[in-house]
There are 2 protein chains.
Amino acid sequence: MNVFAALADPTRAEIVDRLAGGPLTATEVVDQFEISQPAISRHLRVLREAGLVTVQPAGRQRIYHLDPAPLRDIDGWLDRYRRFWSGRLDALEDFMDQEPA
Amino acid sequence: MNVFAALADPTRAEIVDRLAGGPLTATEVVDQFEISQPAISRHLRVLREAGLVTVQPAGRQRIYHLDPAPLRDIDGWLDRYRRFWSGRLDALEDFMDQEPA
DNA sequence: AGATCGTATAGCGACTTAGTTATACATCTC
DNA sequence: GAGATGTATAACTAAGTCGCTATACGATCT
């Protein structure tokens, strides 16, 4: 559901990162981390529920693919804030005119 | 610390959204939500610790400003994934053409 | 069919989180 | 200085999360 929550866990963020390099089976993901297979399975479930990955069954294996849609959503959400760092000086100035404690 | 974790809470995400419209005192933030003042105070603390807001004391008030730096960081992190939705067919192909062991 | 493999789920414990009310504390007003 | 105001912290509770081990279950192999 909440993509930010799904990405908040460092293990999950790293799984997403690895899947950016191409699909992986569940076991291949397990092999890249120190934690147990059930723990990875659960992370994959959370990523699935967040829409960040899709599964393609292949016999007894599950091939996990990155689904970039939620990341694109975040990119869109960031649009509201880009003015703060995209060279609009008035926004920057607006942001700057304070005395940090 | 973890910006994603800070943004995972819907109340905090909305506080960030409101601060994009300009600085607000703690009380002004409290007035925009149904939850208690201490709850908001804690959310503001989390946002502060995540670097998403800065505080400027003004007498007994605290003026909270959005700090876009962590959002810019997310924007940078997304660079690794933009190829997935920015129409580059070779990247898509790159992503498709593999046969996991 | 029976064993094995790949993966998911169940159930538990330790820890964290988000809310509450009560209270502390500094600042302002009188 | 005394009271009020703005904000943060403390103490607690309910609920969620993340790890583990044990186990279930379908797919494959023999």
# chains A, B, ... in the order shown; residues from 1 in each chain; ligands from 1

call {"tool": "calpha_fit_and_write", "arguments": {"fixed": "chain A", "moving": "chain B", "output": "PDB file with N, CA and C atoms, in the first residue's frame"}}
result
ATOM      1  N   MET B   1       2.157  -0.717   1.372  1.00  0.00           N
ATOM      2  CA  MET B   1       1.401   0.519   1.543  1.00  0.00           C
ATOM      3  C   MET B   1       2.356   1.709   1.463  1.00  0.00           C
ATOM      4  N   ASN B   2       3.171   1.843   2.486  1.00  0.00           N
ATOM      5  CA  ASN B   2       4.118   2.951   2.500  1.00  0.00           C
ATOM      6  C   ASN B   2       5.406   2.563   1.802  1.00  0.00           C
ATOM      7  N   VAL B   3       5.629   3.175   0.663  1.00  0.00           N
ATOM      8  CA  VAL B   3       6.791   2.815  -0.141  1.00  0.00           C
ATOM      9  C   VAL B   3       8.078   3.148   0.591  1.00  0.00           C
ATOM     10  N   PHE B   4       8.105   4.271   1.284  1.00  0.00           N
ATOM     11  CA  PHE B   4       9.313   4.637   2.019  1.00  0.00           C
ATOM     12  C   PHE B   4       9.648   3.580   3.062  1.00  0.00           C
ATOM     13  N   ALA B   5       8.631   3.091   3.753  1.00  0.00           N
ATOM     14  CA  ALA B   5       8.870   2.055   4.749  1.00  0.00           C
ATOM     15  C   ALA B   5       9.423   0.799   4.091  1.00  0.00           C
ATOM     16  N   ALA B   6       8.890   0.477   2.914  1.00  0.00           N
ATOM     17  CA  ALA B   6       9.382  -0.708   2.217  1.00  0.00           C
ATOM     18  C   ALA B   6      10.844  -0.544   1.830  1.00  0.00           C
ATOM     19  N   LEU B   7      11.212   0.661   1.434  1.00  0.00           N
ATOM     20  CA  LEU B   7      12.585   0.891   0.993  1.00  0.00           C
ATOM     21  C   LEU B   7      13.536   1.165   2.150  1.00  0.00           C
ATOM     22  N   ALA B   8      12.987   1.370   3.329  1.00  0.00           N
ATOM     23  CA  ALA B   8      13.830   1.724   4.478  1.00  0.00           C
ATOM     24  C   ALA B   8      14.742   0.577   4.879  1.00  0.00           C
ATOM     25  N   ASP B   9      14.291  -0.637   4.635  1.00  0.00           N
ATOM     26  CA  ASP B   9      15.134  -1.778   4.985  1.00  0.00           C
ATOM     27  C   ASP B   9      16.199  -1.984   3.912  1.00  0.00           C
ATOM     28  N   PRO B  10      17.458  -2.058   4.304  1.00  0.00           N
ATOM     29  CA  PRO B  10      18.537  -2.155   3.320  1.00  0.00           C
ATOM     30  C   PRO B  10      18.462  -3.417   2.465  1.00  0.00           C
ATOM     31  N   THR B  11      18.043  -4.516   3.069  1.00  0.00           N
ATOM     32  CA  THR B  11      17.900  -5.739   2.279  1.00  0.00           C
ATOM     33  C   THR B  11      16.866  -5.531   1.171  1.00  0.00           C
ATOM     34  N   ARG B  12      15.747  -4.925   1.530  1.00  0.00           N
ATOM     35  CA  ARG B  12      14.709  -4.715   0.513  1.00  0.00           C
ATOM     36  C   ARG B  12      15.174  -3.754  -0.558  1.00  0.00           C
ATOM     37  N   ALA B  13      15.875  -2.705  -0.144  1.00  0.00           N
ATOM     38  CA  ALA B  13      16.373  -1.752  -1.142  1.00  0.00           C
ATOM     39  C   ALA B  13      17.303  -2.466  -2.119  1.00  0.00           C
ATOM     40  N   GLU B  14      18.098  -3.379  -1.569  1.00  0.00           N
ATOM     41  CA  GLU B  14      19.022  -4.077  -2.462  1.00  0.00           C
ATOM     42  C   GLU B  14      18.295  -5.053  -3.370  1.00  0.00           C
ATOM     43  N   ILE B  15      17.246  -5.681  -2.860  1.00  0.00           N
ATOM     44  CA  ILE B  15      16.456  -6.559  -3.725  1.00  0.00           C
ATOM     45  C   ILE B  15      15.905  -5.759  -4.897  1.00  0.00           C
ATOM     46  N   VAL B  16      15.380  -4.584  -4.588  1.00  0.00           N
ATOM     47  CA  VAL B  16      14.858  -3.713  -5.651  1.00  0.00           C
ATOM     48  C   VAL B  16      15.959  -3.409  -6.656  1.00  0.00           C
ATOM     49  N   ASP B  17      17.125  -3.078  -6.133  1.00  0.00           N
ATOM     50  CA  ASP B  17      18.262  -2.784  -7.003  1.00  0.00           C
ATOM     51  C   ASP B  17      18.572  -3.947  -7.942  1.00  0.00           C
ATOM     52  N   ARG B  18      18.593  -5.152  -7.387  1.00  0.00           N
ATOM     53  CA  ARG B  18      18.918  -6.304  -8.223  1.00  0.00           C
ATOM     54  C   ARG B  18      17.843  -6.553  -9.252  1.00  0.00           C
ATOM     55  N   LEU B  19      16.590  -6.344  -8.860  1.00  0.00           N
ATOM     56  CA  LEU B  19      15.505  -6.578  -9.811  1.00  0.00           C
ATOM     57  C   LEU B  19      15.524  -5.567 -10.950  1.00  0.00           C
ATOM     58  N   ALA B  20      16.204  -4.442 -10.720  1.00  0.00           N
ATOM     59  CA  ALA B  20      16.330  -3.470 -11.804  1.00  0.00           C
ATOM     60  C   ALA B  20      17.145  -4.074 -12.942  1.00  0.00           C
ATOM     61  N   GLY B  21      17.949  -5.080 -12.628  1.00  0.00           N
ATOM     62  CA  GLY B  21      18.745  -5.738 -13.657  1.00  0.00           C
ATOM     63  C   GLY B  21      17.974  -6.798 -14.406  1.00  0.00           C
ATOM     64  N   GLY B  22      16.750  -7.055 -13.955  1.00  0.00           N
ATOM     65  CA  GLY B  22      15.934  -8.058 -14.623  1.00  0.00           C
ATOM     66  C   GLY B  22      15.229  -8.953 -13.610  1.00  0.00           C
ATOM     67  N   PRO B  23      14.188  -9.653 -14.028  1.00  0.00           N
ATOM     68  CA  PRO B  23      13.411 -10.507 -13.125  1.00  0.00           C
ATOM     69  C   PRO B  23      14.267 -11.608 -12.512  1.00  0.00           C
ATOM     70  N   LEU B  24      13.888 -12.025 -11.335  1.00  0.00           N
ATOM     71  CA  LEU B  24      14.579 -13.106 -10.638  1.00  0.00           C
ATOM     72  C   LEU B  24      13.544 -13.992  -9.965  1.00  0.00           C
ATOM     73  N   THR B  25      13.851 -15.274  -9.891  1.00  0.00           N
ATOM     74  CA  THR B  25      12.985 -16.144  -9.097  1.00  0.00           C
ATOM     75  C   THR B  25      13.301 -15.929  -7.629  1.00  0.00           C
ATOM     76  N   ALA B  26      12.366 -16.331  -6.774  1.00  0.00           N
ATOM     77  CA  ALA B  26      12.552 -16.177  -5.334  1.00  0.00           C
ATOM     78  C   ALA B  26      13.864 -16.827  -4.892  1.00  0.00           C
ATOM     79  N   THR B  27      14.122 -18.008  -5.403  1.00  0.00           N
ATOM     80  CA  THR B  27      15.351 -18.707  -5.020  1.00  0.00           C
ATOM     81  C   THR B  27      16.584 -17.936  -5.450  1.00  0.00           C
ATOM     82  N   GLU B  28      16.537 -17.342  -6.624  1.00  0.00           N
ATOM     83  CA  GLU B  28      17.674 -16.557  -7.077  1.00  0.00           C
ATOM     84  C   GLU B  28      17.919 -15.377  -6.154  1.00  0.00           C
ATOM     85  N   VAL B  29      16.851 -14.789  -5.665  1.00  0.00           N
ATOM     86  CA  VAL B  29      17.018 -13.689  -4.714  1.00  0.00           C
ATOM     87  C   VAL B  29      17.632 -14.227  -3.425  1.00  0.00           C
ATOM     88  N   VAL B  30      17.080 -15.329  -2.933  1.00  0.00           N
ATOM     89  CA  VAL B  30      17.608 -15.921  -1.703  1.00  0.00           C
ATOM     90  C   VAL B  30      19.112 -16.145  -1.814  1.00  0.00           C
ATOM     91  N   ASP B  31      19.548 -16.638  -2.976  1.00  0.00           N
ATOM     92  CA  ASP B  31      20.961 -16.971  -3.153  1.00  0.00           C
ATOM     93  C   ASP B  31      21.881 -15.757  -3.089  1.00  0.00           C
ATOM     94  N   GLN B  32      21.313 -14.568  -3.247  1.00  0.00           N
ATOM     95  CA  GLN B  32      22.154 -13.375  -3.258  1.00  0.00           C
ATOM     96  C   GLN B  32      22.327 -12.772  -1.880  1.00  0.00           C
ATOM     97  N   PHE B  33      21.666 -13.361  -0.875  1.00  0.00           N
ATOM     98  CA  PHE B  33      21.758 -12.800   0.472  1.00  0.00           C
ATOM     99  C   PHE B  33      22.126 -13.877   1.469  1.00  0.00           C
ATOM    100  N   GLU B  34      22.567 -13.426   2.612  1.00  0.00           N
ATOM    101  CA  GLU B  34      23.007 -14.357   3.655  1.00  0.00           C
ATOM    102  C   GLU B  34      21.850 -14.842   4.515  1.00  0.00           C
ATOM    103  N   ILE B  35      20.753 -14.124   4.490  1.00  0.00           N
ATOM    104  CA  ILE B  35      19.675 -14.485   5.403  1.00  0.00           C
ATOM    105  C   ILE B  35      18.830 -15.615   4.848  1.00  0.00           C
ATOM    106  N   SER B  36      17.969 -16.159   5.716  1.00  0.00           N
ATOM    107  CA  SER B  36      17.225 -17.373   5.397  1.00  0.00           C
ATOM    108  C   SER B  36      16.180 -17.148   4.302  1.00  0.00           C
ATOM    109  N   GLN B  37      15.742 -18.247   3.736  1.00  0.00           N
ATOM    110  CA  GLN B  37      14.715 -18.175   2.692  1.00  0.00           C
ATOM    111  C   GLN B  37      13.410 -17.563   3.218  1.00  0.00           C
ATOM    112  N   PRO B  38      12.938 -17.963   4.402  1.00  0.00           N
ATOM    113  CA  PRO B  38      11.707 -17.315   4.876  1.00  0.00           C
ATOM    114  C   PRO B  38      11.864 -15.805   5.067  1.00  0.00           C
ATOM    115  N   ALA B  39      13.031 -15.388   5.499  1.00  0.00           N
ATOM    116  CA  ALA B  39      13.244 -13.948   5.676  1.00  0.00           C
ATOM    117  C   ALA B  39      13.119 -13.223   4.343  1.00  0.00           C
ATOM    118  N   ILE B  40      13.727 -13.798   3.314  1.00  0.00           N
ATOM    119  CA  ILE B  40      13.608 -13.198   1.980  1.00  0.00           C
ATOM    120  C   ILE B  40      12.152 -13.226   1.506  1.00  0.00           C
ATOM    121  N   SER B  41      11.498 -14.341   1.753  1.00  0.00           N
ATOM    122  CA  SER B  41      10.109 -14.473   1.326  1.00  0.00           C
ATOM    123  C   SER B  41       9.256 -13.359   1.925  1.00  0.00           C
ATOM    124  N   ARG B  42       9.557 -13.038   3.176  1.00  0.00           N
ATOM    125  CA  ARG B  42       8.819 -11.980   3.834  1.00  0.00           C
ATOM    126  C   ARG B  42       9.152 -10.609   3.238  1.00  0.00           C
ATOM    127  N   HIS B  43      10.417 -10.385   2.959  1.00  0.00           N
ATOM    128  CA  HIS B  43      10.799  -9.126   2.328  1.00  0.00           C
ATOM    129  C   HIS B  43      10.089  -8.975   0.986  1.00  0.00           C
ATOM    130  N   LEU B  44      10.035 -10.090   0.247  1.00  0.00           N
ATOM    131  CA  LEU B  44       9.369 -10.029  -1.054  1.00  0.00           C
ATOM    132  C   LEU B  44       7.888  -9.722  -0.883  1.00  0.00           C
ATOM    133  N   ARG B  45       7.310 -10.229   0.188  1.00  0.00           N
ATOM    134  CA  ARG B  45       5.908  -9.948   0.444  1.00  0.00           C
ATOM    135  C   ARG B  45       5.703  -8.458   0.729  1.00  0.00           C
ATOM    136  N   VAL B  46       6.589  -7.897   1.527  1.00  0.00           N
ATOM    137  CA  VAL B  46       6.481  -6.466   1.838  1.00  0.00           C
ATOM    138  C   VAL B  46       6.615  -5.640   0.557  1.00  0.00           C
ATOM    139  N   LEU B  47       7.576  -6.018  -0.275  1.00  0.00           N
ATOM    140  CA  LEU B  47       7.767  -5.291  -1.534  1.00  0.00           C
ATOM    141  C   LEU B  47       6.531  -5.424  -2.422  1.00  0.00           C
ATOM    142  N   ARG B  48       5.953  -6.617  -2.401  1.00  0.00           N
ATOM    143  CA  ARG B  48       4.737  -6.847  -3.170  1.00  0.00           C
ATOM    144  C   ARG B  48       3.614  -5.944  -2.664  1.00  0.00           C
ATOM    145  N   GLU B  49       3.447  -5.917  -1.339  1.00  0.00           N
ATOM    146  CA  GLU B  49       2.371  -5.117  -0.766  1.00  0.00           C
ATOM    147  C   GLU B  49       2.600  -3.621  -0.979  1.00  0.00           C
ATOM    148  N   ALA B  50       3.850  -3.241  -1.139  1.00  0.00           N
ATOM    149  CA  ALA B  50       4.147  -1.836  -1.418  1.00  0.00           C
ATOM    150  C   ALA B  50       4.026  -1.542  -2.913  1.00  0.00           C
ATOM    151  N   GLY B  51       3.752  -2.555  -3.694  1.00  0.00           N
ATOM    152  CA  GLY B  51       3.596  -2.355  -5.125  1.00  0.00           C
ATOM    153  C   GLY B  51       4.907  -2.266  -5.892  1.00  0.00           C
ATOM    154  N   LEU B  52       6.003  -2.573  -5.209  1.00  0.00           N
ATOM    155  CA  LEU B  52       7.305  -2.415  -5.861  1.00  0.00           C
ATOM    156  C   LEU B  52       7.697  -3.602  -6.723  1.00  0.00           C
ATOM    157  N   VAL B  53       7.064  -4.728  -6.492  1.00  0.00           N
ATOM    158  CA  VAL B  53       7.348  -5.895  -7.323  1.00  0.00           C
ATOM    159  C   VAL B  53       6.044  -6.591  -7.690  1.00  0.00           C
ATOM    160  N   THR B  54       6.080  -7.301  -8.770  1.00  0.00           N
ATOM    161  CA  THR B  54       4.969  -8.151  -9.161  1.00  0.00           C
ATOM    162  C   THR B  54       5.496  -9.563  -9.296  1.00  0.00           C
ATOM    163  N   VAL B  55       4.596 -10.519  -9.119  1.00  0.00           N
ATOM    164  CA  VAL B  55       4.994 -11.922  -9.171  1.00  0.00           C
ATOM    165  C   VAL B  55       4.323 -12.597 -10.343  1.00  0.00           C
ATOM    166  N   GLN B  56       5.098 -13.428 -10.982  1.00  0.00           N
ATOM    167  CA  GLN B  56       4.563 -14.202 -12.091  1.00  0.00           C
ATOM    168  C   GLN B  56       4.856 -15.656 -11.780  1.00  0.00           C
ATOM    169  N   PRO B  57       3.825 -16.422 -11.423  1.00  0.00           N
ATOM    170  CA  PRO B  57       4.058 -17.831 -11.102  1.00  0.00           C
ATOM    171  C   PRO B  57       4.478 -18.590 -12.350  1.00  0.00           C
ATOM    172  N   ALA B  58       5.407 -19.484 -12.154  1.00  0.00           N
ATOM    173  CA  ALA B  58       5.868 -20.325 -13.265  1.00  0.00           C
ATOM    174  C   ALA B  58       6.145 -21.692 -12.673  1.00  0.00           C
ATOM    175  N   GLY B  59       5.149 -22.539 -12.747  1.00  0.00           N
ATOM    176  CA  GLY B  59       5.284 -23.832 -12.102  1.00  0.00           C
ATOM    177  C   GLY B  59       5.401 -23.627 -10.613  1.00  0.00           C
ATOM    178  N   ARG B  60       6.395 -24.233 -10.027  1.00  0.00           N
ATOM    179  CA  ARG B  60       6.542 -24.028  -8.576  1.00  0.00           C
ATOM    180  C   ARG B  60       7.425 -22.830  -8.269  1.00  0.00           C
ATOM    181  N   GLN B  61       7.887 -22.162  -9.290  1.00  0.00           N
ATOM    182  CA  GLN B  61       8.709 -20.981  -9.042  1.00  0.00           C
ATOM    183  C   GLN B  61       7.866 -19.717  -9.092  1.00  0.00           C
ATOM    184  N   ARG B  62       8.381 -18.681  -8.469  1.00  0.00           N
ATOM    185  CA  ARG B  62       7.758 -17.359  -8.541  1.00  0.00           C
ATOM    186  C   ARG B  62       8.783 -16.413  -9.121  1.00  0.00           C
ATOM    187  N   ILE B  63       8.440 -15.823 -10.243  1.00  0.00           N
ATOM    188  CA  ILE B  63       9.357 -14.874 -10.867  1.00  0.00           C
ATOM    189  C   ILE B  63       8.971 -13.475 -10.428  1.00  0.00           C
ATOM    190  N   TYR B  64       9.918 -12.802  -9.792  1.00  0.00           N
ATOM    191  CA  TYR B  64       9.655 -11.445  -9.295  1.00  0.00           C
ATOM    192  C   TYR B  64      10.182 -10.420 -10.282  1.00  0.00           C
ATOM    193  N   HIS B  65       9.300  -9.462 -10.590  1.00  0.00           N
ATOM    194  CA  HIS B  65       9.645  -8.369 -11.493  1.00  0.00           C
ATOM    195  C   HIS B  65       9.576  -7.058 -10.714  1.00  0.00           C
ATOM    196  N   LEU B  66      10.457  -6.157 -11.025  1.00  0.00           N
ATOM    197  CA  LEU B  66      10.350  -4.811 -10.483  1.00  0.00           C
ATOM    198  C   LEU B  66       9.133  -4.121 -11.063  1.00  0.00           C
ATOM    199  N   ASP B  67       8.369  -3.443 -10.211  1.00  0.00           N
ATOM    200  CA  ASP B  67       7.306  -2.558 -10.699  1.00  0.00           C
ATOM    201  C   ASP B  67       7.697  -1.133 -10.330  1.00  0.00           C
ATOM    202  N   PRO B  68       8.059  -0.331 -11.310  1.00  0.00           N
ATOM    203  CA  PRO B  68       8.626   0.982 -11.017  1.00  0.00           C
ATOM    204  C   PRO B  68       7.597   2.029 -10.612  1.00  0.00           C
ATOM    205  N   ALA B  69       6.322   1.690 -10.655  1.00  0.00           N
ATOM    206  CA  ALA B  69       5.300   2.713 -10.412  1.00  0.00           C
ATOM    207  C   ALA B  69       5.515   3.485  -9.106  1.00  0.00           C
ATOM    208  N   PRO B  70       5.752   2.797  -7.976  1.00  0.00           N
ATOM    209  CA  PRO B  70       5.938   3.561  -6.734  1.00  0.00           C
ATOM    210  C   PRO B  70       7.181   4.443  -6.778  1.00  0.00           C
ATOM    211  N   LEU B  71       8.175   4.019  -7.523  1.00  0.00           N
ATOM    212  CA  LEU B  71       9.375   4.840  -7.633  1.00  0.00           C
ATOM    213  C   LEU B  71       9.072   6.098  -8.441  1.00  0.00           C
ATOM    214  N   ARG B  72       8.237   5.926  -9.436  1.00  0.00           N
ATOM    215  CA  ARG B  72       7.806   7.091 -10.206  1.00  0.00           C
ATOM    216  C   ARG B  72       7.011   8.036  -9.292  1.00  0.00           C
ATOM    217  N   ASP B  73       6.226   7.462  -8.403  1.00  0.00           N
ATOM    218  CA  ASP B  73       5.489   8.294  -7.448  1.00  0.00           C
ATOM    219  C   ASP B  73       6.442   9.115  -6.585  1.00  0.00           C
ATOM    220  N   ILE B  74       7.511   8.474  -6.105  1.00  0.00           N
ATOM    221  CA  ILE B  74       8.493   9.210  -5.305  1.00  0.00           C
ATOM    222  C   ILE B  74       9.093  10.332  -6.137  1.00  0.00           C
ATOM    223  N   ASP B  75       9.394   9.992  -7.385  1.00  0.00           N
ATOM    224  CA  ASP B  75       9.935  11.002  -8.283  1.00  0.00           C
ATOM    225  C   ASP B  75       8.986  12.197  -8.383  1.00  0.00           C
ATOM    226  N   GLY B  76       7.703  11.904  -8.457  1.00  0.00           N
ATOM    227  CA  GLY B  76       6.723  12.983  -8.514  1.00  0.00           C
ATOM    228  C   GLY B  76       6.661  13.769  -7.211  1.00  0.00           C
ATOM    229  N   TRP B  77       6.745  13.065  -6.118  1.00  0.00           N
ATOM    230  CA  TRP B  77       6.722  13.724  -4.804  1.00  0.00           C
ATOM    231  C   TRP B  77       7.909  14.669  -4.670  1.00  0.00           C
ATOM    232  N   LEU B  78       9.039  14.264  -5.227  1.00  0.00           N
ATOM    233  CA  LEU B  78      10.239  15.093  -5.131  1.00  0.00           C
ATOM    234  C   LEU B  78      10.081  16.414  -5.881  1.00  0.00           C
ATOM    235  N   ASP B  79       9.117  16.465  -6.776  1.00  0.00           N
ATOM    236  CA  ASP B  79       8.922  17.708  -7.528  1.00  0.00           C
ATOM    237  C   ASP B  79       8.744  18.910  -6.607  1.00  0.00           C
ATOM    238  N   ARG B  80       8.121  18.680  -5.474  1.00  0.00           N
ATOM    239  CA  ARG B  80       7.909  19.793  -4.549  1.00  0.00           C
ATOM    240  C   ARG B  80       9.207  20.348  -3.997  1.00  0.00           C
ATOM    241  N   TYR B  81      10.279  19.563  -4.112  1.00  0.00           N
ATOM    242  CA  TYR B  81      11.531  19.966  -3.474  1.00  0.00           C
ATOM    243  C   TYR B  81      12.628  20.303  -4.462  1.00  0.00           C
ATOM    244  N   ARG B  82      12.389  19.989  -5.731  1.00  0.00           N
ATOM    245  CA  ARG B  82      13.451  20.180  -6.707  1.00  0.00           C
ATOM    246  C   ARG B  82      13.943  21.610  -6.755  1.00  0.00           C
ATOM    247  N   ARG B  83      13.035  22.570  -6.498  1.00  0.00           N
ATOM    248  CA  ARG B  83      13.449  23.968  -6.548  1.00  0.00           C
ATOM    249  C   ARG B  83      14.581  24.244  -5.563  1.00  0.00           C
ATOM    250  N   PHE B  84      14.721  23.384  -4.560  1.00  0.00           N
ATOM    251  CA  PHE B  84      15.759  23.632  -3.557  1.00  0.00           C
ATOM    252  C   PHE B  84      17.162  23.341  -4.075  1.00  0.00           C
ATOM    253  N   TRP B  85      17.250  22.527  -5.106  1.00  0.00           N
ATOM    254  CA  TRP B  85      18.596  22.244  -5.598  1.00  0.00           C
ATOM    255  C   TRP B  85      18.741  22.440  -7.099  1.00  0.00           C
ATOM    256  N   SER B  86      17.726  23.045  -7.713  1.00  0.00           N
ATOM    257  CA  SER B  86      17.830  23.174  -9.164  1.00  0.00           C
ATOM    258  C   SER B  86      18.209  24.591  -9.584  1.00  0.00           C
ATOM    259  N   GLY B  87      18.911  25.272  -8.698  1.00  0.00           N
ATOM    260  CA  GLY B  87      19.516  26.530  -9.105  1.00  0.00           C
ATOM    261  C   GLY B  87      18.596  27.724  -9.223  1.00  0.00           C
ATOM    262  N   ARG B  88      17.304  27.547  -8.946  1.00  0.00           N
ATOM    263  CA  ARG B  88      16.399  28.683  -9.032  1.00  0.00           C
ATOM    264  C   ARG B  88      16.626  29.601  -7.836  1.00  0.00           C
ATOM    265  N   LEU B  89      17.259  30.694  -8.073  1.00  0.00           N
ATOM    266  CA  LEU B  89      17.616  31.574  -6.965  1.00  0.00           C
ATOM    267  C   LEU B  89      16.400  32.170  -6.275  1.00  0.00           C
ATOM    268  N   ASP B  90      15.367  32.489  -7.028  1.00  0.00           N
ATOM    269  CA  ASP B  90      14.183  33.093  -6.410  1.00  0.00           C
ATOM    270  C   ASP B  90      13.562  32.141  -5.380  1.00  0.00           C
ATOM    271  N   ALA B  91      13.592  30.865  -5.709  1.00  0.00           N
ATOM    272  CA  ALA B  91      13.042  29.897  -4.759  1.00  0.00           C
ATOM    273  C   ALA B  91      13.891  29.871  -3.490  1.00  0.00           C
ATOM    274  N   LEU B  92      15.189  29.891  -3.697  1.00  0.00           N
ATOM    275  CA  LEU B  92      16.088  29.906  -2.552  1.00  0.00           C
ATOM    276  C   LEU B  92      15.798  31.116  -1.670  1.00  0.00           C
ATOM    277  N   GLU B  93      15.664  32.225  -2.336  1.00  0.00           N
ATOM    278  CA  GLU B  93      15.382  33.472  -1.631  1.00  0.00           C
ATOM    279  C   GLU B  93      14.064  33.371  -0.882  1.00  0.00           C
ATOM    280  N   ASP B  94      13.077  32.875  -1.588  1.00  0.00           N
ATOM    281  CA  ASP B  94      11.766  32.614  -1.023  1.00  0.00           C
ATOM    282  C   ASP B  94      11.918  31.824   0.273  1.00  0.00           C
ATOM    283  N   PHE B  95      12.835  30.883   0.224  1.00  0.00           N
ATOM    284  CA  PHE B  95      13.037  30.003   1.366  1.00  0.00           C
ATOM    285  C   PHE B  95      13.781  30.722   2.498  1.00  0.00           C
ATOM    286  N   MET B  96      14.599  31.673   2.135  1.00  0.00           N
ATOM    287  CA  MET B  96      15.440  32.327   3.121  1.00  0.00           C
ATOM    288  C   MET B  96      14.756  33.466   3.874  1.00  0.00           C
ATOM    289  N   ASP B  97      13.912  34.232   3.156  1.00  0.00           N
ATOM    290  CA  ASP B  97      13.500  35.539   3.668  1.00  0.00           C
ATOM    291  C   ASP B  97      12.379  35.509   4.690  1.00  0.00           C
ATOM    292  N   GLN B  98      12.481  34.667   5.658  1.00  0.00           N
ATOM    293  CA  GLN B  98      11.401  34.774   6.633  1.00  0.00           C
ATOM    294  C   GLN B  98      11.899  34.764   8.062  1.00  0.00           C
ATOM    295  N   GLU B  99      11.110  35.429   8.833  1.00  0.00           N
ATOM    296  CA  GLU B  99      11.379  35.644  10.256  1.00  0.00           C
ATOM    297  C   GLU B  99      10.284  34.930  11.029  1.00  0.00           C
ATOM    298  N   PRO B 100      10.511  33.715  11.483  1.00  0.00           N
ATOM    299  CA  PRO B 100       9.422  33.028  12.195  1.00  0.00           C
ATOM    300  C   PRO B 100       9.012  33.806  13.432  1.00  0.00           C
ATOM    301  N   ALA B 101       7.733  33.798  13.713  1.00  0.00           N
ATOM    302  CA  ALA B 101       7.205  34.568  14.855  1.00  0.00           C
ATOM    303  C   ALA B 101       7.907  34.154  16.118  1.00  0.00           C
TER     304      ALA B 101
END

call {"tool": "select_by_dssp", "arguments": {"residues": "chain A", "states": "alpha helix (DSSP H)", "output": "PyMOL selection string"}}
result
chain A and resi 3-8+10-19+26-31+37-49+69-82+89-96

call {"tool": "interface_residues", "arguments": {"of": "chain D", "to": "chain B", "cutoff": "12 Å", "atoms": "only C-alpha atoms (C1' of nucleotides)", "output": "list of chain:residue names"}}
result
D:DT5, D:DG6, D:DT7, D:DA8, D:DT9, D:DA10

call {"tool": "atom_distance", "arguments": {"atom1": "atom C1' of D:DT21", "atom2": "atom C1' of C:DG13"}}
result
11.8 Å

call {"tool": "atom_distance", "arguments": {"atom1": "atom C1' of D:DA2", "atom2": "atom C1' of C:DC30"}}
result
8.7 Å

call {"tool": "interface_residues", "arguments": {"of": "chain C", "to": "chain A", "cutoff": "9 Å", "atoms": "only C-alpha atoms (C1' of nucleotides)", "output": "PyMOL selection string"}}
result
chain C and resi 5-9

call {"tool": "select_by_dssp", "arguments": {"residues": "chain A", "states": "strand (DSSP E)", "output": "list in words"}}
result
Leu24, Thr25, Val53, Thr54, Val55, Gln56, Pro57, Ala58, Gln61, Arg62, Ile63, Tyr64, His65 and Leu66 of chain A

call {"tool": "decode", "arguments": {"residues": "stretch 46-51 of chain B", "atoms": "N, CA, C and O atoms", "output": "compact mmCIF listing (two decimals), in the first residue's frame"}}
result
# COMPACT_ATOMS: atom_id res chain seq x y z
N VAL B 46 10.39 13.83 14.40
CA VAL B 46 10.85 12.82 13.44
C VAL B 46 11.26 13.49 12.13
O VAL B 46 12.31 13.18 11.55
N LEU B 47 10.44 14.44 11.69
CA LEU B 47 10.77 15.15 10.44
C LEU B 47 12.08 15.93 10.60
O LEU B 47 12.89 15.98 9.67
N ARG B 48 12.25 16.50 11.78
CA ARG B 48 13.49 17.22 12.06
C ARG B 48 14.68 16.27 11.99
O ARG B 48 15.68 16.56 11.32
N GLU B 49 14.55 15.12 12.64
CA GLU B 49 15.65 14.17 12.67
C GLU B 49 15.93 13.59 11.28
O GLU B 49 17.05 13.16 11.00
N ALA B 50 14.92 13.58 10.44
CA ALA B 50 15.13 13.11 9.07
C ALA B 50 15.67 14.23 8.18
O ALA B 50 15.94 14.01 7.01
N GLY B 51 15.80 15.41 8.73
CA GLY B 51 16.33 16.52 7.96
C GLY B 51 15.31 17.19 7.05
O GLY B 51 15.67 18.03 6.23
